[in-house]
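Listing of entry.pdb; format and content: PDB, C-alpha atoms.
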MODEL        1
ATOM      1  CA  MET A   1       0.000   0.000   0.000
ATOM      2  CA  ASN A   2       1.364   3.381  -0.931
ATOM      3  CA  GLU A   3       2.152   5.709   1.921
ATOM      4  CA  GLN A   4       0.287   8.968   1.652
ATOM      5  CA  LYS A   5       2.384  12.100   1.776
ATOM      6  CA  THR A   6       1.295  13.945   4.906
ATOM      7  CA  VAL A   7       3.516  17.029   4.709
ATOM      8  CA  LYS A   8       1.254  20.029   4.239
ATOM      9  CA  ILE A   9       2.281  22.718   1.775
ATOM     10  CA  GLN A  10       2.772  25.852   3.850
ATOM     11  CA  ASN A  11       2.151  29.426   2.831
ATOM     12  CA  LEU A  12       5.086  31.647   2.070
ATOM     13  CA  PRO A  13       6.204  33.204   5.376
ATOM     14  CA  GLY A  14       5.683  36.977   5.365
ATOM     15  CA  ASP A  15       4.454  39.275   2.619
ATOM     16  CA  LEU A  16       4.846  38.392  -1.049
ATOM     17  CA  ALA A  17       6.411  41.831  -1.666
ATOM     18  CA  ILE A  18       9.342  41.108   0.666
ATOM     19  CA  TRP A  19      10.069  37.879  -1.210
ATOM     20  CA  ILE A  20      10.182  39.670  -4.535
ATOM     21  CA  PHE A  21      12.546  42.151  -2.889
ATOM     22  CA  ILE A  22      14.633  39.318  -1.383
ATOM     23  CA  TYR A  23      15.005  37.559  -4.753
ATOM     24  CA  ALA A  24      15.981  40.855  -6.402
ATOM     25  CA  GLU A  25      18.612  41.395  -3.695
ATOM     26  CA  LEU A  26      19.961  37.870  -4.133
ATOM     27  CA  LEU A  27      20.266  38.524  -7.848
ATOM     28  CA  VAL A  28      22.254  41.725  -7.269
ATOM     29  CA  PHE A  29      24.598  40.073  -4.767
ATOM     30  CA  GLY A  30      24.953  37.126  -7.131
ATOM     31  CA  VAL A  31      26.164  39.434  -9.911
ATOM     32  CA  PHE A  32      28.614  41.018  -7.451
ATOM     33  CA  PHE A  33      29.970  37.601  -6.408
ATOM     34  CA  MET A  34      30.407  36.535 -10.016
ATOM     35  CA  ALA A  35      32.189  39.779 -10.907
ATOM     36  CA  TYR A  36      34.560  39.169  -7.965
ATOM     37  CA  ALA A  37      35.293  35.572  -8.996
ATOM     38  CA  ILE A  38      35.802  36.428 -12.684
ATOM     39  CA  THR A  39      38.074  39.393 -11.888
ATOM     40  CA  ARG A  40      40.046  37.215  -9.459
ATOM     41  CA  ARG A  41      40.639  34.681 -12.218
ATOM     42  CA  GLY A  42      42.674  37.247 -14.142
ATOM     43  CA  ASN A  43      44.522  38.504 -11.028
ATOM     44  CA  VAL A  44      45.058  35.409  -8.875
ATOM     45  CA  GLU A  45      48.356  36.512  -7.301
ATOM     46  CA  LEU A  46      47.095  40.014  -6.523
ATOM     47  CA  PHE A  47      43.902  38.653  -4.929
ATOM     48  CA  ASN A  48      45.787  36.013  -2.891
ATOM     49  CA  GLN A  49      48.333  38.536  -1.622
ATOM     50  CA  SER A  50      45.741  41.179  -0.774
ATOM     51  CA  GLN A  51      43.514  38.623   0.955
ATOM     52  CA  LEU A  52      46.348  37.871   3.408
ATOM     53  CA  LEU A  53      45.812  41.321   4.966
ATOM     54  CA  LEU A  54      42.189  40.550   5.886
ATOM     55  CA  ASP A  55      41.427  39.541   9.454
ATOM     56  CA  GLN A  56      39.823  36.107   9.050
ATOM     57  CA  ARG A  57      38.972  36.082  12.769
ATOM     58  CA  ALA A  58      36.765  39.165  12.341
ATOM     59  CA  GLY A  59      34.982  37.551   9.378
ATOM     60  CA  PHE A  60      34.538  34.318  11.351
ATOM     61  CA  ILE A  61      33.145  36.059  14.452
ATOM     62  CA  ASN A  62      30.814  38.130  12.305
ATOM     63  CA  THR A  63      29.528  34.968  10.605
ATOM     64  CA  LEU A  64      28.782  33.416  14.012
ATOM     65  CA  VAL A  65      27.147  36.686  15.109
ATOM     66  CA  LEU A  66      24.821  36.799  12.072
ATOM     67  CA  ILE A  67      23.949  33.096  12.247
ATOM     68  CA  THR A  68      23.107  33.437  15.942
ATOM     69  CA  SER A  69      21.121  36.599  15.302
ATOM     70  CA  SER A  70      19.140  34.763  12.600
ATOM     71  CA  TRP A  71      18.474  31.904  15.015
ATOM     72  CA  MET A  72      17.163  34.424  17.582
ATOM     73  CA  VAL A  73      14.771  35.830  14.995
ATOM     74  CA  VAL A  74      13.527  32.276  14.325
ATOM     75  CA  GLN A  75      12.849  31.920  18.052
ATOM     76  CA  GLY A  76      10.996  35.244  17.970
ATOM     77  CA  VAL A  77       8.746  33.963  15.173
ATOM     78  CA  HIS A  78       8.114  30.709  17.082
ATOM     79  CA  ALA A  79       7.220  32.722  20.195
ATOM     80  CA  ILE A  80       4.678  34.951  18.471
ATOM     81  CA  LYS A  81       3.095  31.943  16.762
ATOM     82  CA  GLN A  82       2.348  30.729  20.281
ATOM     83  CA  ASN A  83       1.091  34.153  21.304
ATOM     84  CA  TYR A  84       4.058  35.039  23.510
ATOM     85  CA  SER A  85       4.499  38.685  22.532
ATOM     86  CA  LYS A  86       6.964  39.624  25.268
ATOM     87  CA  ILE A  87       9.193  36.643  24.541
ATOM     88  CA  CYS A  88       9.106  37.532  20.844
ATOM     89  CA  VAL A  89      10.236  41.075  21.704
ATOM     90  CA  ARG A  90      13.145  39.750  23.806
ATOM     91  CA  TRP A  91      14.373  37.521  20.975
ATOM     92  CA  LEU A  92      14.128  40.400  18.521
ATOM     93  CA  ASP A  93      16.068  42.611  20.947
ATOM     94  CA  GLY A  94      18.792  39.968  21.057
ATOM     95  CA  ALA A  95      18.862  39.766  17.254
ATOM     96  CA  VAL A  96      19.148  43.544  16.851
ATOM     97  CA  LEU A  97      21.858  43.683  19.519
ATOM     98  CA  LEU A  98      23.886  41.091  17.602
ATOM     99  CA  GLY A  99      23.283  43.098  14.429
ATOM    100  CA  ALA A 100      24.913  46.039  16.229
ATOM    101  CA  VAL A 101      27.847  43.813  17.240
ATOM    102  CA  PHE A 102      28.273  42.888  13.571
ATOM    103  CA  LEU A 103      28.353  46.571  12.611
ATOM    104  CA  VAL A 104      30.916  47.431  15.303
ATOM    105  CA  ILE A 105      33.257  44.640  14.176
ATOM    106  CA  LYS A 106      32.841  45.669  10.543
ATOM    107  CA  ILE A 107      33.494  49.346  11.336
ATOM    108  CA  TYR A 108      36.654  48.237  13.176
ATOM    109  CA  GLU A 109      37.745  46.313  10.066
ATOM    110  CA  PHE A 110      37.056  49.335   7.842
ATOM    111  CA  TYR A 111      38.987  51.535  10.283
ATOM    112  CA  ILE A 112      42.023  49.228  10.244
ATOM    113  CA  LYS A 113      42.024  49.187   6.454
ATOM    114  CA  ALA A 114      41.789  52.990   6.345
ATOM    115  CA  GLU A 115      44.703  53.183   8.816
ATOM    116  CA  GLN A 116      46.722  50.978   6.452
ATOM    117  CA  GLY A 117      45.997  53.463   3.684
ATOM    118  CA  ILE A 118      43.774  50.995   1.852
ATOM    119  CA  ASN A 119      40.838  52.368  -0.113
ATOM    120  CA  LEU A 120      38.687  51.556  -3.134
ATOM    121  CA  SER A 121      41.424  52.522  -5.603
ATOM    122  CA  THR A 122      44.209  50.493  -3.921
ATOM    123  CA  ASN A 123      43.648  47.498  -6.209
ATOM    124  CA  ALA A 124      40.900  45.325  -7.717
ATOM    125  CA  PHE A 125      40.693  43.043  -4.675
ATOM    126  CA  TYR A 126      40.133  45.905  -2.240
ATOM    127  CA  MET A 127      37.700  47.575  -4.603
ATOM    128  CA  PHE A 128      35.580  44.401  -4.383
ATOM    129  CA  TYR A 129      36.245  43.766  -0.691
ATOM    130  CA  LEU A 130      35.293  47.286   0.394
ATOM    131  CA  SER A 131      32.315  47.741  -1.929
ATOM    132  CA  LEU A 132      30.874  44.240  -1.363
ATOM    133  CA  THR A 133      31.175  44.350   2.420
ATOM    134  CA  PHE A 134      29.933  47.963   2.582
ATOM    135  CA  PHE A 135      26.938  47.086   0.400
ATOM    136  CA  HIS A 136      26.191  44.195   2.756
ATOM    137  CA  PHE A 137      26.801  46.493   5.758
ATOM    138  CA  MET A 138      24.018  48.794   4.489
ATOM    139  CA  HIS A 139      21.699  45.787   4.238
ATOM    140  CA  VAL A 140      22.447  44.884   7.854
ATOM    141  CA  ILE A 141      21.432  48.422   8.868
ATOM    142  CA  LEU A 142      18.214  48.179   6.831
ATOM    143  CA  GLY A 143      17.501  44.742   8.357
ATOM    144  CA  MET A 144      17.984  46.170  11.857
ATOM    145  CA  ILE A 145      15.609  49.046  11.111
ATOM    146  CA  ILE A 146      12.982  46.555   9.892
ATOM    147  CA  LEU A 147      13.466  44.342  12.980
ATOM    148  CA  LEU A 148      13.222  47.381  15.268
ATOM    149  CA  ALA A 149       9.964  48.443  13.599
ATOM    150  CA  VAL A 150       8.588  44.909  14.059
ATOM    151  CA  ARG A 151       9.827  44.884  17.657
ATOM    152  CA  MET A 152       8.098  48.194  18.441
ATOM    153  CA  LYS A 153       4.799  46.939  17.084
ATOM    154  CA  ALA A 154       5.179  43.603  18.896
ATOM    155  CA  SER A 155       5.898  45.384  22.190
ATOM    156  CA  LYS A 156       2.575  47.215  21.846
ATOM    157  CA  GLY A 157       0.742  43.937  21.318
ATOM    158  CA  GLY A 158       0.464  44.496  17.578
ATOM    159  CA  TYR A 159       1.020  40.823  16.761
ATOM    160  CA  SER A 160      -0.582  37.629  17.999
ATOM    161  CA  ASN A 161      -0.813  33.949  17.119
ATOM    162  CA  MET A 162      -3.565  34.957  14.662
ATOM    163  CA  ASP A 163      -1.611  37.798  13.057
ATOM    164  CA  TYR A 164       2.157  37.429  12.821
ATOM    165  CA  ARG A 165       2.778  38.092   9.140
ATOM    166  CA  GLY A 166       4.734  41.269   9.909
ATOM    167  CA  VAL A 167       7.129  39.347  12.157
ATOM    168  CA  GLU A 168       7.679  36.756   9.438
ATOM    169  CA  THR A 169       8.272  39.503   6.878
ATOM    170  CA  GLY A 170      11.011  41.148   8.953
ATOM    171  CA  ALA A 171      12.482  37.756   9.800
ATOM    172  CA  SER A 172      12.670  36.710   6.129
ATOM    173  CA  TYR A 173      14.612  39.835   5.206
ATOM    174  CA  TRP A 174      17.034  39.304   8.095
ATOM    175  CA  HIS A 175      17.665  35.700   7.034
ATOM    176  CA  MET A 176      18.462  36.941   3.507
ATOM    177  CA  VAL A 177      21.132  39.233   4.993
ATOM    178  CA  ASP A 178      22.521  36.175   6.811
ATOM    179  CA  LEU A 179      22.359  33.991   3.665
ATOM    180  CA  VAL A 180      24.353  36.507   1.625
ATOM    181  CA  TRP A 181      27.066  36.724   4.296
ATOM    182  CA  ILE A 182      27.284  32.919   4.392
ATOM    183  CA  VAL A 183      28.506  33.038   0.774
ATOM    184  CA  LEU A 184      30.529  36.245   1.162
ATOM    185  CA  PHE A 185      32.630  35.024   4.104
ATOM    186  CA  PRO A 186      34.315  32.013   2.449
ATOM    187  CA  LEU A 187      34.481  33.726  -0.958
ATOM    188  CA  VAL A 188      36.301  36.867   0.205
ATOM    189  CA  TYR A 189      38.060  35.804   3.432
ATOM    190  CA  ILE A 190      38.928  32.122   3.038
ATOM    191  CA  ILE A 191      39.002  30.678  -0.482
ATOM    192  CA  ARG A 192      42.208  31.412  -2.342
TER
ATOM    193  CA  MET B   1      11.816  31.989  27.099
ATOM    194  CA  PHE B   2      14.068  28.951  26.747
ATOM    195  CA  ALA B   3      11.247  26.470  27.374
ATOM    196  CA  LEU B   4      10.009  27.251  23.858
ATOM    197  CA  ILE B   5      13.359  26.140  22.416
ATOM    198  CA  LYS B   6      12.954  22.751  24.116
ATOM    199  CA  LYS B   7       9.485  22.463  22.592
ATOM    200  CA  SER B   8      10.831  22.813  19.037
ATOM    201  CA  PRO B   9      14.572  22.103  19.067
ATOM    202  CA  LEU B  10      14.999  21.537  15.301
ATOM    203  CA  THR B  11      16.083  25.084  14.449
ATOM    204  CA  THR B  12      18.517  25.060  17.381
ATOM    205  CA  ILE B  13      20.061  21.846  16.052
ATOM    206  CA  MET B  14      20.407  23.575  12.657
ATOM    207  CA  TRP B  15      22.048  26.571  14.362
ATOM    208  CA  ILE B  16      24.587  24.256  16.026
ATOM    209  CA  ILE B  17      25.327  22.610  12.643
ATOM    210  CA  LEU B  18      25.807  26.077  11.112
ATOM    211  CA  VAL B  19      28.235  27.045  13.889
ATOM    212  CA  VAL B  20      30.213  23.809  13.417
ATOM    213  CA  LEU B  21      30.399  24.229   9.614
ATOM    214  CA  THR B  22      31.424  27.887   9.964
ATOM    215  CA  SER B  23      34.158  26.905  12.439
ATOM    216  CA  PHE B  24      35.342  24.223  10.002
ATOM    217  CA  THR B  25      35.587  26.795   7.178
ATOM    218  CA  PHE B  26      37.449  29.244   9.415
ATOM    219  CA  LEU B  27      39.922  26.637  10.691
ATOM    220  CA  ILE B  28      40.734  25.550   7.121
ATOM    221  CA  GLY B  29      41.553  29.165   6.249
ATOM    222  CA  TRP B  30      43.306  30.007   9.511
ATOM    223  CA  ASN B  31      45.605  26.964   9.247
ATOM    224  CA  GLU B  32      46.315  27.762   5.591
ATOM    225  CA  LEU B  33      44.979  24.424   4.393
ATOM    226  CA  VAL B  34      43.159  25.879   1.376
ATOM    227  CA  SER B  35      44.176  24.049  -1.793
ATOM    228  CA  ASN B  36      42.431  23.389  -5.098
ATOM    229  CA  SER B  37      40.664  20.289  -3.808
ATOM    230  CA  VAL B  38      39.741  21.972  -0.526
ATOM    231  CA  VAL B  39      38.046  24.821  -2.426
ATOM    232  CA  ALA B  40      35.456  22.317  -3.699
ATOM    233  CA  ILE B  41      34.821  21.087  -0.145
ATOM    234  CA  LEU B  42      34.394  24.661   1.115
ATOM    235  CA  LEU B  43      31.931  25.429  -1.689
ATOM    236  CA  VAL B  44      29.889  22.332  -0.800
ATOM    237  CA  VAL B  45      29.946  23.328   2.885
ATOM    238  CA  THR B  46      28.735  26.811   1.886
ATOM    239  CA  PHE B  47      25.895  25.243  -0.105
ATOM    240  CA  VAL B  48      24.842  23.099   2.867
ATOM    241  CA  LYS B  49      24.899  26.132   5.178
ATOM    242  CA  GLY B  50      22.876  28.217   2.725
ATOM    243  CA  GLN B  51      20.312  25.469   2.306
ATOM    244  CA  LEU B  52      19.919  25.071   6.068
ATOM    245  CA  VAL B  53      19.216  28.801   6.383
ATOM    246  CA  SER B  54      16.781  28.687   3.467
ATOM    247  CA  ASP B  55      14.907  25.554   4.616
ATOM    248  CA  TYR B  56      14.817  25.997   8.384
ATOM    249  CA  PHE B  57      15.364  29.679   9.169
ATOM    250  CA  MET B  58      13.490  31.122   6.195
ATOM    251  CA  GLU B  59      10.984  28.257   6.581
ATOM    252  CA  LEU B  60      10.878  27.513   2.852
ATOM    253  CA  LYS B  61      11.194  23.729   3.235
ATOM    254  CA  HIS B  62       7.470  23.050   3.019
ATOM    255  CA  THR B  63       6.396  25.942   0.823
ATOM    256  CA  ARG B  64       5.620  25.595  -2.890
ATOM    257  CA  LYS B  65       8.541  24.360  -4.991
ATOM    258  CA  PHE B  66       8.781  27.657  -6.854
ATOM    259  CA  TRP B  67       9.641  29.513  -3.655
ATOM    260  CA  ARG B  68      11.717  26.786  -2.076
ATOM    261  CA  LEU B  69      13.896  26.331  -5.138
ATOM    262  CA  GLY B  70      14.704  30.056  -5.511
ATOM    263  CA  PRO B  71      17.514  30.295  -2.940
ATOM    264  CA  ILE B  72      18.686  26.755  -3.730
ATOM    265  CA  ILE B  73      19.063  27.492  -7.449
ATOM    266  CA  TRP B  74      20.748  30.804  -6.542
ATOM    267  CA  LEU B  75      23.239  28.980  -4.329
ATOM    268  CA  ILE B  76      23.955  26.264  -6.902
ATOM    269  CA  LEU B  77      24.430  28.768  -9.732
ATOM    270  CA  ILE B  78      26.684  31.077  -7.719
ATOM    271  CA  LEU B  79      28.799  28.328  -6.191
ATOM    272  CA  VAL B  80      29.178  26.322  -9.418
ATOM    273  CA  LEU B  81      30.156  29.451 -11.360
ATOM    274  CA  ILE B  82      32.622  30.460  -8.622
ATOM    275  CA  GLY B  83      34.030  26.920  -8.704
ATOM    276  CA  MET B  84      34.426  27.158 -12.474
ATOM    277  CA  THR B  85      36.534  30.314 -12.134
ATOM    278  CA  TYR B  86      38.842  28.414  -9.785
ATOM    279  CA  TYR B  87      39.120  25.175 -11.743
ATOM    280  CA  LEU B  88      38.785  26.023 -15.439
TER
ENDMDL
END

Now that the file is in, can you turn its structure into structure tokens?
Amino acid sequence: MNEQKTVKIQNLPGDLAIWIFIYAELLVFGVFFMAYAITRRGNVELFNQSQLLLDQRAGFINTLVLITSSWMVVQGVHAIKQNYSKICVRWLDGAVLLGAVFLVIKIYEFYIKAEQGINLSTNAFYMFYLSLTFFHFMHVILGMIILLAVRMKASKGGYSNMDYRGVETGASYWHMVDLVWIVLFPLVYIIR
Amino acid sequence: MFALIKKSPLTTIMWIILVVLTSFTFLIGWNELVSNSVVAILLVVTFVKGQLVSDYFMELKHTRKFWRLGPIIWLILILVLIGMTYYL
């Protein structure tokens, strides 16, 4: 006897508009990643030498920070689905706080590079490194603003187990920011 | 707050896997073990990490195929094309 498939098809979490936005963002980052890889192919030595000056520990810690922040957002979504508004707010606070930690570490990295006299015109590697990570940096800020807006509404009881689409929408965007960094970290900091 | 995690531990297990895979990637780089063959392993690890985020954090695992496959196809395309620039 054939086993019946019991997994229910779920609705897309969050608003459709945010998913269109997310896919557009992934496309843009994808083009950036490809441009980096193709340019590297013609300048392997330059890229390998320049990459040695990056602080892999900072990239590693920031990856852990974003992954953990994403996990906290997941917990926030789980909490609101069970009608625990206050718990949802606490998880979102934790996620935003880790977002701030990410920004501080990244600013420190930018500062060190500026101290070393490195800028966009130093060479092709640093042009990509600085522009890619700064572009991502701006997305982290936008993600934090979205999470803060969701958090404010949640703290006023604006979401419940019957209405949590807004929380899912903010969460989906934040996970996209995490997903992009998951590719960026090995590509720019590790692989040579 | 943490009682809810015990109630649905799957995403926490995925978070632990993500931390382990990230640490693996970092240690390969930090110990200067990156070689041509290792690049392929790191790209596969990146794919696995991306898919975990897409399936369990973004909760796309049980949505319609069109939506679920979006990030997966993106990851495959990006990582295969990056791999090609390293190997070809």

- Closest of A:Asp163, A:Lys113, A:Val101, A:Met176 to Glu25 (chain A) - atom-to-atom distances counting all atoms listed in the file: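 Among A:Asp163, A:Lys113, A:Val101, A:Met176, it is A:Met176 that comes nearest to Glu25 (chain A).
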
- 12 Å contact set for region 38-53 of chain A, all atoms listed in the file, chain neighbours under 5 positions out, as a PyMOL selection string: (chain A and resi 31-33+58+109+112-113+116+118+122-130+185-192) or (chain B and resi 29-30+32+34+78+81-88)

- Message: For region 79-87 of chain A, find every residue with an atom within 8 Å (counting all atoms listed in the file), except residues of its own chain fewer than 4 positions away, and show them as a list in words.
- Response: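 Returned residues: Gln75, Trp91, Ala154, Ser155, Gly157, Tyr159, Ser160, Asn161, Met162 and Tyr164 of chain A; Met1 and Leu4 of chain B.
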
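Taking CA of Ile141 (chain A) and CA of Asp178 (chain A) as the two end points, the separation is 12.5 Å.
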
- Message: Report as a ChimeraX atom specification all protein, DNA and RNA residues lying within 12 Å of Glu59 (chain B), evaluated on only C-alpha atoms, omitting residues in the same chain fewer than 5 positions from it.
- Response: /A:9-14,71,73-74,77-78,168-169,171-172,175-176 /B:10-11,51-54,64,67-68,71

- Query: Given the choices A:Ile20, A:Arg165, A:Lys156, A:Gln56, which gets closest to chain B if the distance is worked out from only C-alpha atoms?
  - Reply: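 Checking each of A:Ile20, A:Arg165, A:Lys156, A:Gln56 against chain B, counting only C-alpha atoms, the winner is A:Gln56.
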
- Message: Could you check the closest approach to Ala17 (chain A) for each of A:Trp181, A:Tyr173, A:Phe135, A:Phe60 and tell me which residue wins, using only C-alpha atoms?
- Response: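 Of A:Trp181, A:Tyr173, A:Phe135, A:Phe60, the one nearest Ala17 (chain A), counting only C-alpha atoms, is A:Tyr173.
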
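Considering only C-alpha atoms, the residue among A:Lys153, A:Lys106, A:His136, A:Arg57 positioned nearest to chain B is A:Arg57.
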